[in-house]
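Raw contents of target.cif, mmCIF, C-alpha atoms:
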```
data_structure
loop_
_atom_site.label_atom_id
_atom_site.label_comp_id
_atom_site.auth_asym_id
_atom_site.auth_seq_id
_atom_site.Cartn_x
_atom_site.Cartn_y
_atom_site.Cartn_z
CA MET A 233 73.56 98.01 59.16
CA ASN A 234 74.73 94.97 61.10
CA ILE A 235 78.04 94.01 59.50
CA SER A 236 78.36 90.81 61.54
CA LYS A 237 75.06 89.56 60.23
CA ILE A 238 76.03 90.28 56.62
CA ALA A 239 79.42 88.62 57.15
CA HIS A 240 77.70 85.48 58.42
CA THR A 241 74.93 85.30 55.82
CA ARG A 242 76.69 86.30 52.58
CA TYR A 243 77.83 83.26 50.65
CA THR A 244 79.17 82.10 47.32
CA THR A 245 76.23 81.40 45.05
CA LYS A 246 76.57 78.26 42.96
CA LYS A 247 73.30 78.47 41.04
CA TYR A 248 71.42 81.59 39.96
CA ASP A 249 67.76 82.07 39.16
CA PRO A 250 67.92 83.41 35.58
CA SER A 251 64.49 85.02 35.91
CA LYS A 252 65.57 87.38 38.69
CA LYS A 253 67.23 90.62 37.62
CA ILE A 254 69.01 93.21 39.74
CA PRO A 255 67.13 96.54 39.64
CA GLN A 256 69.11 99.17 37.75
CA GLU A 257 69.17 101.45 40.80
CA LEU A 258 71.05 98.80 42.78
CA MET A 259 73.42 98.08 39.87
CA ASN A 260 74.18 101.81 39.79
CA GLN A 261 75.10 101.68 43.47
CA LEU A 262 77.53 98.81 42.87
CA ILE A 263 79.04 100.63 39.89
CA ASP A 264 79.52 103.70 42.08
CA LEU A 265 81.11 101.53 44.74
CA LEU A 266 83.63 100.17 42.22
CA HIS A 267 84.26 103.59 40.74
CA PHE A 268 85.10 105.07 44.14
CA CYS A 269 87.07 102.09 45.41
CA PRO A 270 90.33 103.07 47.08
CA SER A 271 93.70 102.04 45.65
CA SER A 272 97.27 102.70 46.69
CA ILE A 273 98.36 106.26 45.76
CA ASN A 274 94.96 106.52 44.01
CA SER A 275 96.58 104.60 41.13
CA GLN A 276 93.26 103.04 40.03
CA PRO A 277 94.99 100.28 38.10
CA PHE A 278 91.67 98.62 37.28
CA HIS A 279 89.11 98.34 34.57
CA PHE A 280 85.62 96.97 35.11
CA ILE A 281 83.48 95.41 32.41
CA VAL A 282 79.85 95.20 33.45
CA VAL A 283 78.17 92.47 31.45
CA THR A 284 74.37 92.33 31.36
CA SER A 285 73.50 91.46 27.74
CA GLU A 286 72.88 87.84 26.73
CA GLU A 287 75.49 88.26 24.01
CA GLY A 288 78.03 89.55 26.55
CA LYS A 289 77.35 86.68 28.94
CA LYS A 290 77.96 84.18 26.15
CA ARG A 291 81.28 85.81 25.34
CA VAL A 292 82.42 85.75 28.97
CA GLY A 293 81.09 82.21 29.39
CA ALA A 294 83.20 81.07 26.43
CA SER A 295 86.28 81.53 28.65
CA MET A 296 84.96 78.52 30.60
CA ASP A 297 84.61 76.06 27.73
CA GLU A 298 87.22 73.75 29.19
CA ASP A 299 86.74 70.74 31.46
CA VAL A 300 88.48 72.41 34.35
CA PHE A 301 86.34 75.56 34.26
CA ILE A 302 83.05 74.39 32.71
CA TYR A 303 81.30 74.09 36.09
CA ASN A 304 81.49 77.89 36.41
CA LYS A 305 79.82 78.64 33.08
CA SER A 306 76.17 78.45 34.11
CA LYS A 307 76.78 81.05 36.82
CA ILE A 308 77.75 83.58 34.15
CA LEU A 309 74.87 82.66 31.87
CA ASP A 310 72.21 82.66 34.61
CA ALA A 311 73.30 85.58 36.80
CA SER A 312 71.70 88.97 36.25
CA ALA A 313 75.10 90.58 35.61
CA THR A 314 78.79 89.76 35.71
CA VAL A 315 81.58 92.17 36.51
CA VAL A 316 84.88 91.35 34.84
CA ILE A 317 87.56 92.86 37.08
CA CYS A 318 90.68 93.60 35.03
CA SER A 319 94.01 95.03 36.08
CA LYS A 320 96.30 97.24 34.07
CA THR A 321 99.27 95.38 32.60
CA GLU A 322 101.68 98.30 32.98
CA MET A 323 102.01 101.17 35.41
CA THR A 324 103.55 104.24 33.81
CA GLU A 325 104.41 107.81 34.74
CA ASP A 326 101.95 108.80 32.06
CA HIS A 327 99.13 107.08 33.93
CA ILE A 328 100.11 108.66 37.25
CA ARG A 329 100.19 112.06 35.56
CA LYS A 330 96.67 111.43 34.26
CA VAL A 331 95.51 110.63 37.81
CA LEU A 332 97.12 113.82 39.12
CA ASP A 333 95.62 115.90 36.32
CA GLN A 334 92.24 114.57 37.41
CA GLU A 335 92.98 115.31 41.08
CA GLU A 336 93.89 118.87 40.10
CA LYS A 337 90.69 119.19 38.07
CA ASP A 338 88.64 117.88 41.01
CA GLY A 339 90.26 120.38 43.40
CA ARG A 340 92.25 117.79 45.36
CA ILE A 341 95.64 119.10 44.33
CA ILE A 342 96.18 122.84 44.26
CA GLY A 343 99.30 124.41 42.76
CA ALA A 344 102.06 123.24 40.46
CA GLU A 345 104.54 122.74 43.29
CA LYS A 346 102.25 120.41 45.22
CA LYS A 347 101.52 118.51 42.01
CA LYS A 348 105.21 118.04 41.23
CA LYS A 349 105.92 116.87 44.81
CA THR A 350 103.05 114.40 44.66
CA LEU A 351 104.22 113.07 41.30
CA ASP A 352 107.72 112.52 42.68
CA LEU A 353 106.35 110.79 45.77
CA TYR A 354 104.02 108.52 43.81
CA MET A 355 106.66 107.65 41.20
CA GLY A 356 108.95 106.75 44.08
CA TYR A 357 106.45 104.06 45.12
CA VAL A 358 105.86 102.92 41.55
CA ASN A 359 109.57 102.67 40.89
CA ALA A 360 110.08 100.71 44.12
CA HIS A 361 107.58 98.12 42.85
CA LEU A 362 109.05 98.20 39.36
CA HIS A 363 112.70 97.96 40.28
CA ASP A 364 113.23 97.08 43.96
CA THR A 365 110.57 94.53 44.91
CA LYS A 366 109.82 93.84 41.21
CA ASP A 367 106.20 93.07 42.00
CA ILE A 368 104.42 95.78 40.05
CA ASN A 369 101.85 93.44 38.48
CA CYS A 370 101.10 91.71 41.75
CA TRP A 371 100.77 95.15 43.37
CA MET A 372 98.26 96.31 40.73
CA GLU A 373 96.32 93.05 41.00
CA LYS A 374 96.13 93.41 44.78
CA GLN A 375 94.43 96.77 44.31
CA CYS A 376 91.83 94.99 42.18
CA TYR A 377 91.16 92.58 45.04
CA ILE A 378 90.27 95.56 47.25
CA ALA A 379 87.50 96.19 44.71
CA LEU A 380 86.51 92.52 44.95
CA GLY A 381 86.25 92.67 48.74
CA ALA A 382 84.16 95.83 48.58
CA LEU A 383 81.94 94.46 45.81
CA LEU A 384 81.17 91.21 47.67
CA LEU A 385 80.28 93.02 50.89
CA GLY A 386 78.45 95.81 49.09
CA ALA A 387 76.35 93.35 47.07
CA ALA A 388 75.50 91.34 50.20
CA SER A 389 74.39 94.49 52.00
CA LEU A 390 71.94 95.09 49.13
CA HIS A 391 70.74 91.45 49.35
CA ILE A 392 72.39 90.66 46.03
CA ASP A 393 74.12 87.28 45.71
CA ALA A 394 77.57 87.00 44.19
CA THR A 395 80.25 84.50 43.19
CA PRO A 396 83.94 85.45 43.11
CA ILE A 397 85.57 83.43 40.31
CA GLU A 398 89.28 83.04 39.60
CA GLY A 399 88.66 79.90 37.51
CA PHE A 400 88.42 80.82 33.83
CA ASN A 401 90.74 81.03 30.84
CA ARG A 402 92.19 84.55 30.92
CA LYS A 403 93.90 84.21 27.56
CA ILE A 404 90.62 83.45 25.80
CA LEU A 405 88.72 86.27 27.51
CA ASP A 406 91.54 88.80 27.05
CA ARG A 407 91.69 87.94 23.36
CA ASP A 408 87.94 88.08 22.79
CA LEU A 409 87.53 91.41 24.60
CA GLU A 410 90.81 92.75 23.17
CA LEU A 411 91.90 93.61 26.69
CA ARG A 412 95.67 93.35 26.35
CA GLU A 413 95.66 95.71 23.37
CA GLN A 414 94.01 98.24 25.68
CA GLY A 415 96.54 97.62 28.45
CA TYR A 416 94.37 95.37 30.65
CA THR A 417 94.15 91.72 31.60
CA SER A 418 91.17 89.94 33.16
CA LEU A 419 91.64 88.82 36.76
CA LEU A 420 88.29 87.98 38.25
CA LEU A 421 84.70 87.35 37.26
CA VAL A 422 81.94 88.26 39.67
CA PRO A 423 78.45 87.09 38.67
CA LEU A 424 75.77 89.01 40.59
CA GLY A 425 72.09 88.21 40.95
CA TYR A 426 69.76 86.08 43.04
CA HIS A 427 70.27 82.41 43.89
CA ALA A 428 68.02 79.65 42.58
CA ASN A 429 65.80 77.89 45.10
CA ASP A 430 67.81 74.70 44.69
CA ASP A 431 71.30 76.21 45.09
CA TYR A 432 72.92 73.60 47.36
CA ASN A 433 75.39 76.11 48.77
CA PHE A 434 72.65 78.35 50.17
CA THR A 435 71.82 75.92 52.98
CA LEU A 436 75.32 74.60 53.72
CA PRO A 437 76.84 76.10 56.86
CA LYS A 438 79.73 78.53 56.49
CA SER A 439 83.02 77.28 57.85
CA ARG A 440 86.08 79.16 59.02
CA LEU A 441 89.17 78.25 61.02
CA PRO A 442 88.75 78.98 64.74
CA LYS A 443 89.14 82.61 65.71
CA ASP A 444 92.19 81.92 67.89
CA GLN A 445 94.06 80.59 64.85
CA ILE A 446 93.28 83.64 62.72
CA PHE A 447 93.45 86.46 65.26
CA LYS A 448 95.85 87.80 67.81
CA PHE A 449 95.07 90.69 70.12
CA LEU A 450 97.81 93.02 71.18
CA MET B 36 72.05 100.98 53.44
CA ASN B 37 72.99 103.29 50.59
CA ILE B 38 76.24 101.91 49.22
CA SER B 39 76.76 104.82 46.80
CA LYS B 40 76.67 107.27 49.65
CA ILE B 41 79.21 105.29 51.66
CA ALA B 42 81.44 104.93 48.60
CA HIS B 43 81.41 108.70 48.11
CA THR B 44 81.89 109.69 51.74
CA ARG B 45 84.40 107.14 53.05
CA TYR B 46 87.94 108.50 52.86
CA THR B 47 91.50 107.89 53.97
CA THR B 48 91.96 109.49 57.36
CA LYS B 49 95.25 111.31 57.81
CA LYS B 50 94.81 112.43 61.41
CA TYR B 51 92.91 110.70 64.20
CA ASP B 52 91.38 112.09 67.35
CA PRO B 53 93.16 110.08 70.06
CA SER B 54 90.35 110.70 72.55
CA LYS B 55 87.71 108.90 70.48
CA LYS B 56 87.53 105.13 70.90
CA ILE B 57 85.58 102.60 68.84
CA PRO B 58 82.90 100.93 71.00
CA GLN B 59 83.75 97.26 71.61
CA GLU B 60 80.50 96.13 70.02
CA LEU B 61 81.51 97.73 66.71
CA MET B 62 85.06 96.33 66.96
CA ASN B 63 83.47 92.89 67.40
CA GLN B 64 81.49 93.41 64.20
CA LEU B 65 84.65 94.26 62.27
CA ILE B 66 86.45 91.24 63.75
CA ASP B 67 83.55 89.05 62.66
CA LEU B 68 83.71 90.58 59.21
CA LEU B 69 87.41 89.71 58.91
CA HIS B 70 86.87 86.24 60.35
CA PHE B 71 84.18 85.43 57.79
CA CYS B 72 85.93 87.06 54.86
CA PRO B 73 85.87 84.94 51.72
CA SER B 74 89.07 83.58 50.18
CA SER B 75 89.79 81.37 47.19
CA ILE B 76 89.03 77.70 48.00
CA ASN B 77 88.39 78.89 51.57
CA SER B 78 92.18 78.87 52.00
CA GLN B 79 92.12 81.63 54.63
CA PRO B 80 95.79 82.47 54.12
CA PHE B 81 95.58 85.37 56.53
CA HIS B 82 96.30 86.34 60.07
CA PHE B 83 94.95 89.47 61.73
CA ILE B 84 96.56 91.21 64.66
CA VAL B 85 94.16 93.60 66.34
CA VAL B 86 96.15 96.23 68.21
CA THR B 87 94.40 98.36 70.80
CA SER B 88 96.89 98.66 73.69
CA GLU B 89 99.22 101.66 73.92
CA GLU B 90 102.15 99.24 74.14
CA GLY B 91 100.99 97.44 70.97
CA LYS B 92 100.58 100.71 69.07
CA LYS B 93 104.13 101.70 69.98
CA ARG B 94 105.46 98.39 68.70
CA VAL B 95 103.60 98.72 65.40
CA GLY B 96 104.56 102.39 65.16
CA ALA B 97 108.23 101.44 65.48
CA SER B 98 108.02 99.94 61.97
CA MET B 99 107.66 103.55 60.78
CA ASP B 100 110.75 105.01 62.41
CA GLU B 101 112.34 105.83 59.07
CA ASP B 102 112.19 109.05 57.09
CA VAL B 103 110.21 107.47 54.30
CA PHE B 104 107.48 106.09 56.59
CA ILE B 105 107.53 108.42 59.59
CA TYR B 106 104.53 110.44 58.36
CA ASN B 107 102.36 107.35 58.95
CA LYS B 108 103.36 106.83 62.57
CA SER B 109 100.95 109.23 64.28
CA LYS B 110 98.01 107.46 62.62
CA ILE B 111 98.94 104.25 64.43
CA LEU B 112 99.55 106.00 67.73
CA ASP B 113 96.36 108.11 67.63
CA ALA B 114 93.85 105.69 66.10
CA SER B 115 91.58 103.71 68.41
CA ALA B 116 92.83 100.41 66.94
CA THR B 117 95.04 99.11 64.16
CA VAL B 118 94.58 95.84 62.30
CA VAL B 119 97.81 94.31 61.03
CA ILE B 120 96.81 92.20 58.04
CA CYS B 121 99.33 89.41 57.53
CA SER B 122 99.51 86.71 54.90
CA LYS B 123 100.82 83.20 55.29
CA THR B 124 104.30 82.74 53.85
CA GLU B 125 103.68 79.17 52.66
CA MET B 126 100.63 77.27 51.46
CA THR B 127 100.84 73.58 52.29
CA GLU B 128 98.68 70.47 51.92
CA ASP B 129 98.73 70.36 55.69
CA HIS B 130 96.99 73.72 55.88
CA ILE B 131 94.37 72.75 53.30
CA ARG B 132 93.71 69.54 55.27
CA LYS B 133 93.20 71.65 58.39
CA VAL B 134 90.65 73.79 56.51
CA LEU B 135 88.83 70.68 55.29
CA ASP B 136 88.84 69.12 58.77
CA GLN B 137 87.15 72.29 59.97
CA GLU B 138 84.64 72.20 57.09
CA GLU B 139 83.81 68.59 58.04
CA LYS B 140 83.41 69.58 61.68
CA ASP B 141 81.13 72.47 60.70
CA GLY B 142 78.98 70.16 58.56
CA ARG B 143 80.04 71.65 55.25
CA ILE B 144 81.71 68.52 53.95
CA ILE B 145 79.98 65.20 54.55
CA GLY B 146 81.70 61.88 53.86
CA ALA B 147 85.28 60.76 53.31
CA GLU B 148 84.87 60.51 49.54
CA LYS B 149 83.67 64.10 49.19
CA LYS B 150 86.51 65.24 51.44
CA LYS B 151 89.12 63.42 49.37
CA LYS B 152 87.69 64.85 46.13
CA THR B 153 87.72 68.37 47.58
CA LEU B 154 91.29 67.98 48.77
CA ASP B 155 92.40 66.85 45.31
CA LEU B 156 90.55 69.75 43.68
CA TYR B 157 91.96 72.35 46.07
CA MET B 158 95.50 70.97 45.88
CA GLY B 159 95.18 71.16 42.10
CA TYR B 160 94.69 74.92 42.42
CA VAL B 161 97.42 75.30 45.03
CA ASN B 162 99.87 73.31 42.90
CA ALA B 163 98.99 75.40 39.85
CA HIS B 164 100.00 78.53 41.78
CA LEU B 165 103.06 76.81 43.23
CA HIS B 166 104.39 75.26 40.07
CA ASP B 167 102.65 76.58 36.94
CA THR B 168 102.06 80.29 37.45
CA LYS B 169 104.57 80.38 40.36
CA ASP B 170 102.63 83.14 42.06
CA ILE B 171 101.59 81.44 45.29
CA ASN B 172 102.66 84.34 47.54
CA CYS B 173 101.00 86.92 45.35
CA TRP B 174 97.87 84.74 45.29
CA MET B 175 97.78 84.52 49.10
CA GLU B 176 98.40 88.25 49.43
CA LYS B 177 95.56 88.99 47.03
CA GLN B 178 93.21 87.10 49.33
CA CYS B 179 94.33 89.43 52.13
CA TYR B 180 93.36 92.41 50.01
CA ILE B 181 89.80 91.04 49.81
CA ALA B 182 89.79 91.41 53.58
CA LEU B 183 91.12 94.96 53.21
CA GLY B 184 88.34 95.89 50.78
CA ALA B 185 85.70 94.45 53.09
CA LEU B 186 87.22 96.08 56.17
CA LEU B 187 87.33 99.56 54.61
CA LEU B 188 83.73 99.38 53.42
CA GLY B 189 82.53 97.70 56.61
CA ALA B 190 84.18 100.30 58.81
CA ALA B 191 82.73 103.15 56.74
CA SER B 192 79.26 101.66 57.01
CA LEU B 193 79.66 101.80 60.80
CA HIS B 194 80.87 105.44 60.57
CA ILE B 195 84.38 104.38 61.56
CA ASP B 196 87.28 106.07 59.79
CA ALA B 197 90.18 104.05 58.43
CA THR B 198 93.55 104.37 56.70
CA PRO B 199 94.93 101.61 54.49
CA ILE B 200 98.74 101.66 54.82
CA GLU B 201 101.28 99.78 52.71
CA GLY B 202 104.09 102.12 53.81
CA PHE B 203 105.96 100.61 56.76
CA ASN B 204 109.03 98.47 57.32
CA ARG B 205 107.80 94.86 57.15
CA LYS B 206 111.11 93.40 58.25
CA ILE B 207 111.07 95.36 61.50
CA LEU B 208 107.44 94.54 62.28
CA ASP B 209 107.79 90.87 61.33
CA ARG B 210 110.84 90.58 63.56
CA ASP B 211 109.26 92.34 66.53
CA LEU B 212 106.02 90.34 66.36
CA GLU B 213 107.92 87.13 65.46
CA LEU B 214 105.62 86.71 62.50
CA ARG B 215 107.86 84.79 60.12
CA GLU B 216 108.59 82.17 62.78
CA GLN B 217 104.84 81.59 62.90
CA GLY B 218 104.54 81.42 59.11
CA TYR B 219 103.21 84.91 58.51
CA THR B 220 104.42 88.21 57.11
CA SER B 221 102.84 91.63 57.61
CA LEU B 222 101.24 93.15 54.52
CA LEU B 223 99.01 96.01 55.54
CA LEU B 224 98.25 98.22 58.50
CA VAL B 225 94.74 99.58 58.92
CA PRO B 226 94.31 102.16 61.68
CA LEU B 227 90.65 102.53 62.64
CA GLY B 228 89.00 105.24 64.68
CA TYR B 229 87.59 108.74 64.30
CA HIS B 230 89.24 111.62 62.46
CA ALA B 231 90.52 114.72 64.20
CA ASN B 232 88.65 117.95 63.53
CA ASP B 233 91.66 119.33 61.68
CA ASP B 234 92.29 116.32 59.41
CA TYR B 235 92.97 118.11 56.11
CA ASN B 236 91.89 115.11 54.06
CA PHE B 237 88.38 115.13 55.49
CA THR B 238 87.36 118.22 53.54
CA LEU B 239 89.31 117.58 50.33
CA PRO B 240 87.13 116.32 47.48
CA LYS B 241 87.50 112.72 46.38
CA SER B 242 88.90 112.27 42.89
CA ARG B 243 88.61 109.39 40.47
CA LEU B 244 89.30 108.93 36.78
CA PRO B 245 86.17 109.51 34.65
CA LYS B 246 83.75 106.60 34.59
CA ASP B 247 84.15 106.03 30.87
CA GLN B 248 87.87 105.35 31.37
CA ILE B 249 87.27 102.80 34.12
CA PHE B 250 84.10 101.05 32.93
CA LYS B 251 82.87 99.32 29.86
CA PHE B 252 79.33 98.01 29.51
CA LEU B 253 78.69 94.90 27.48
#
```
Whole structure given in structure tokens:
Amino acid sequence: MNISKIAHTRYTTKKYDPSKKIPQELMNQLIDLLHFCPSSINSQPFHFIVVTSEEGKKRVGASMDEDVFIYNKSKILDASATVVICSKTEMTEDHIRKVLDQEEKDGRIIGAEKKKKTLDLYMGYVNAHLHDTKDINCWMEKQCYIALGALLLGAASLHIDATPIEGFNRKILDRDLELREQGYTSLLLVPLGYHANDDYNFTLPKSRLPKDQIFKFL
Amino acid sequence: MNISKIAHTRYTTKKYDPSKKIPQELMNQLIDLLHFCPSSINSQPFHFIVVTSEEGKKRVGASMDEDVFIYNKSKILDASATVVICSKTEMTEDHIRKVLDQEEKDGRIIGAEKKKKTLDLYMGYVNAHLHDTKDINCWMEKQCYIALGALLLGAASLHIDATPIEGFNRKILDRDLELREQGYTSLLLVPLGYHANDDYNFTLPKSRLPKDQIFKFL
């Protein structure tokens, strides 16, 4: 795979062709990619809602029924699928214990002593974010953006178009999907599919600040 | 490319083989990938320091000369390269104007009216983060984590090993590299290279929470 080429050709789709659907085999690859996404201390503070039904798209689209977001709505309705990337709203010792139980089950952690040491280490990090830097929610959300970065590149490598969207009403979507009751909040929407022939953004050149402003070599 | 396979096989390298170097052509691909990384409203609030010299590695490694971080130091010293992912510390209208000047130069924005409209739109988002949600730094940092997600997947697809590291002393590194004076702060270190034969993490199984706890299908 030529990563440069994908980096230069992937783009933010503004208009989808509603008749083009992502084959299930490729959707499964993207789901796997999200499932095995890395996160700090393997905390996995995310939840992914994969929306493919017409009914589901309408519900997600309803979080854009406001002047300021309405321009995003057709992307959700026309795309083959949308992933709602949610973050956990709380990070607890209980959750970390669940992760470590799973690691033990999967053969990653062997022995009670190792498990206890790992728990102490991980809770040290969690407590630092909770009490020292007081940025636990930002920290969990940042982990979700790792998934976003992987999803956008992964989709492009499978010739699937995507649109990362921060612009929607989280309160409305959280309420409709009862996310907060489950300990999640919606962060990002990522429609996935194939662009329409008349998507204006497909032919516009990409633009980035000059390399020497973004990079330093040491 | 089979994304599932990469998702399952990529892993966090704990020990690098210092004799194995990443070919420059592949480094260039990763640099391109970072350069063309997407960010909200194309704000590009990041700065990447690509460290390949022995002197540079020592300077970055010095941000780990504390008990709590010291276990990370050998990764920096032994890896072929390390990318220091930094975020901007402030988001200003001046910066957004610079981005739009570049977009005009690259032929993405045509006409003064369109440019003015885009500036107003983008500053609306920036001001919302500055004044409404008051999360401008978290928002900029999240954009940097998109780059992290892309870098980890991109490296894996080129059979390059990587280690995402949040655990280092930012104050020390920022001071040594004079980052804050330039309007940046270090967020993440990503050593890149090839694992040592005796890297214990290479053979340990990956572990994730069960799919039905992480996904919902709608």
Listed atoms of range 270-289 of chain A, axis-aligned box, 5 Å per side: centre and edge lengths to one decimal in Å, as lines of an AutoDock Vina configuration file?
```
center_x = 85.6
center_y = 96.6
center_z = 35.5
size_x = 35.5
size_y = 29.8
size_z = 33.1
```
Would you mind listing, as a PDB file with C-alpha atoms, keeping the file's coordinate frame, all residues of chain B that have at least one atom within 7 Å of chain A, where all atoms listed in the file are what counts?
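New file part.pdb:
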```pdb
ATOM      1  CA  MET B  36      72.050 100.980  53.440  1.00  0.00           C
ATOM      2  CA  ILE B  38      76.240 101.910  49.220  1.00  0.00           C
ATOM      3  CA  SER B  39      76.760 104.820  46.800  1.00  0.00           C
ATOM      4  CA  ALA B  42      81.440 104.930  48.600  1.00  0.00           C
ATOM      5  CA  HIS B  43      81.410 108.700  48.110  1.00  0.00           C
ATOM      6  CA  GLN B  64      81.490  93.410  64.200  1.00  0.00           C
ATOM      7  CA  ASP B  67      83.550  89.050  62.660  1.00  0.00           C
ATOM      8  CA  LEU B  68      83.710  90.580  59.210  1.00  0.00           C
ATOM      9  CA  HIS B  70      86.870  86.240  60.350  1.00  0.00           C
ATOM     10  CA  PHE B  71      84.180  85.430  57.790  1.00  0.00           C
ATOM     11  CA  PHE B  81      95.580  85.370  56.530  1.00  0.00           C
ATOM     12  CA  HIS B  82      96.300  86.340  60.070  1.00  0.00           C
ATOM     13  CA  PHE B  83      94.950  89.470  61.730  1.00  0.00           C
ATOM     14  CA  ILE B  84      96.560  91.210  64.660  1.00  0.00           C
ATOM     15  CA  VAL B  85      94.160  93.600  66.340  1.00  0.00           C
ATOM     16  CA  VAL B  86      96.150  96.230  68.210  1.00  0.00           C
ATOM     17  CA  THR B  87      94.400  98.360  70.800  1.00  0.00           C
ATOM     18  CA  SER B  88      96.890  98.660  73.690  1.00  0.00           C
ATOM     19  CA  GLY B  91     100.990  97.440  70.970  1.00  0.00           C
ATOM     20  CA  VAL B 134      90.650  73.790  56.510  1.00  0.00           C
ATOM     21  CA  GLN B 137      87.150  72.290  59.970  1.00  0.00           C
ATOM     22  CA  GLU B 138      84.640  72.200  57.090  1.00  0.00           C
ATOM     23  CA  ASP B 141      81.130  72.470  60.700  1.00  0.00           C
ATOM     24  CA  GLY B 142      78.980  70.160  58.560  1.00  0.00           C
ATOM     25  CA  ARG B 143      80.040  71.650  55.250  1.00  0.00           C
ATOM     26  CA  CYS B 173     101.000  86.920  45.350  1.00  0.00           C
ATOM     27  CA  LYS B 177      95.560  88.990  47.030  1.00  0.00           C
ATOM     28  CA  TYR B 180      93.360  92.410  50.010  1.00  0.00           C
ATOM     29  CA  ILE B 181      89.800  91.040  49.810  1.00  0.00           C
ATOM     30  CA  ALA B 182      89.790  91.410  53.580  1.00  0.00           C
ATOM     31  CA  LEU B 183      91.120  94.960  53.210  1.00  0.00           C
ATOM     32  CA  GLY B 184      88.340  95.890  50.780  1.00  0.00           C
ATOM     33  CA  ALA B 185      85.700  94.450  53.090  1.00  0.00           C
ATOM     34  CA  LEU B 188      83.730  99.380  53.420  1.00  0.00           C
ATOM     35  CA  GLY B 189      82.530  97.700  56.610  1.00  0.00           C
ATOM     36  CA  LEU B 239      89.310 117.580  50.330  1.00  0.00           C
ATOM     37  CA  PRO B 240      87.130 116.320  47.480  1.00  0.00           C
ATOM     38  CA  SER B 242      88.900 112.270  42.890  1.00  0.00           C
ATOM     39  CA  ARG B 243      88.610 109.390  40.470  1.00  0.00           C
ATOM     40  CA  LEU B 244      89.300 108.930  36.780  1.00  0.00           C
ATOM     41  CA  LYS B 246      83.750 106.600  34.590  1.00  0.00           C
ATOM     42  CA  ILE B 249      87.270 102.800  34.120  1.00  0.00           C
ATOM     43  CA  PHE B 250      84.100 101.050  32.930  1.00  0.00           C
ATOM     44  CA  LYS B 251      82.870  99.320  29.860  1.00  0.00           C
ATOM     45  CA  PHE B 252      79.330  98.010  29.510  1.00  0.00           C
ATOM     46  CA  LEU B 253      78.690  94.900  27.480  1.00  0.00           C
TER      47      LEU B 253
END
```
(message) I'd like the neighbourhood of Leu351 in chain A as an MDAnalysis selection string, where a residue qualifies if any of its atoms comes within 10 Å (using all atoms listed in the file), though same-chain residues fewer than 4 positions away should be ignored.
(response) chainID A and resid 325 328:329 331:332 345:347 355:356
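Residue nearest Ala231 in chain B, chosen from B:Leu214, B:Met126, B:Ile105, B:Ala114 and counting all atoms listed in the file: B:Ala114.
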(request) With the file shown as input, list the residues that the PyMOL selection byres ((chain A and resi 430) around 10) selects, as a list in words. (result) Lys246, Lys247, Tyr248, Asp249, His427, Ala428, Asn429, Asp431, Tyr432, Asn433, Phe434 and Thr435 of chain A
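In terms of minimum interatomic distance to Leu405 in chain A, A:Ser418 ranks closest within A:Leu424, A:Pro250, A:Ser418, A:Glu298, counting only C-alpha atoms.
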(request) Just the residues within 12 Å of Arg412 in chain A, please, counting all atoms listed in the file, with nothing from its chain fewer than 2 positions along; format it as a count of residues only. (result) 20
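We find CA of Thr168 in chain B and CA of His130 in chain B to be spaced 20.2 Å apart.
Counting from CA of Phe301 in chain A, the distance to CA of Lys151 in chain B is 19.6 Å.
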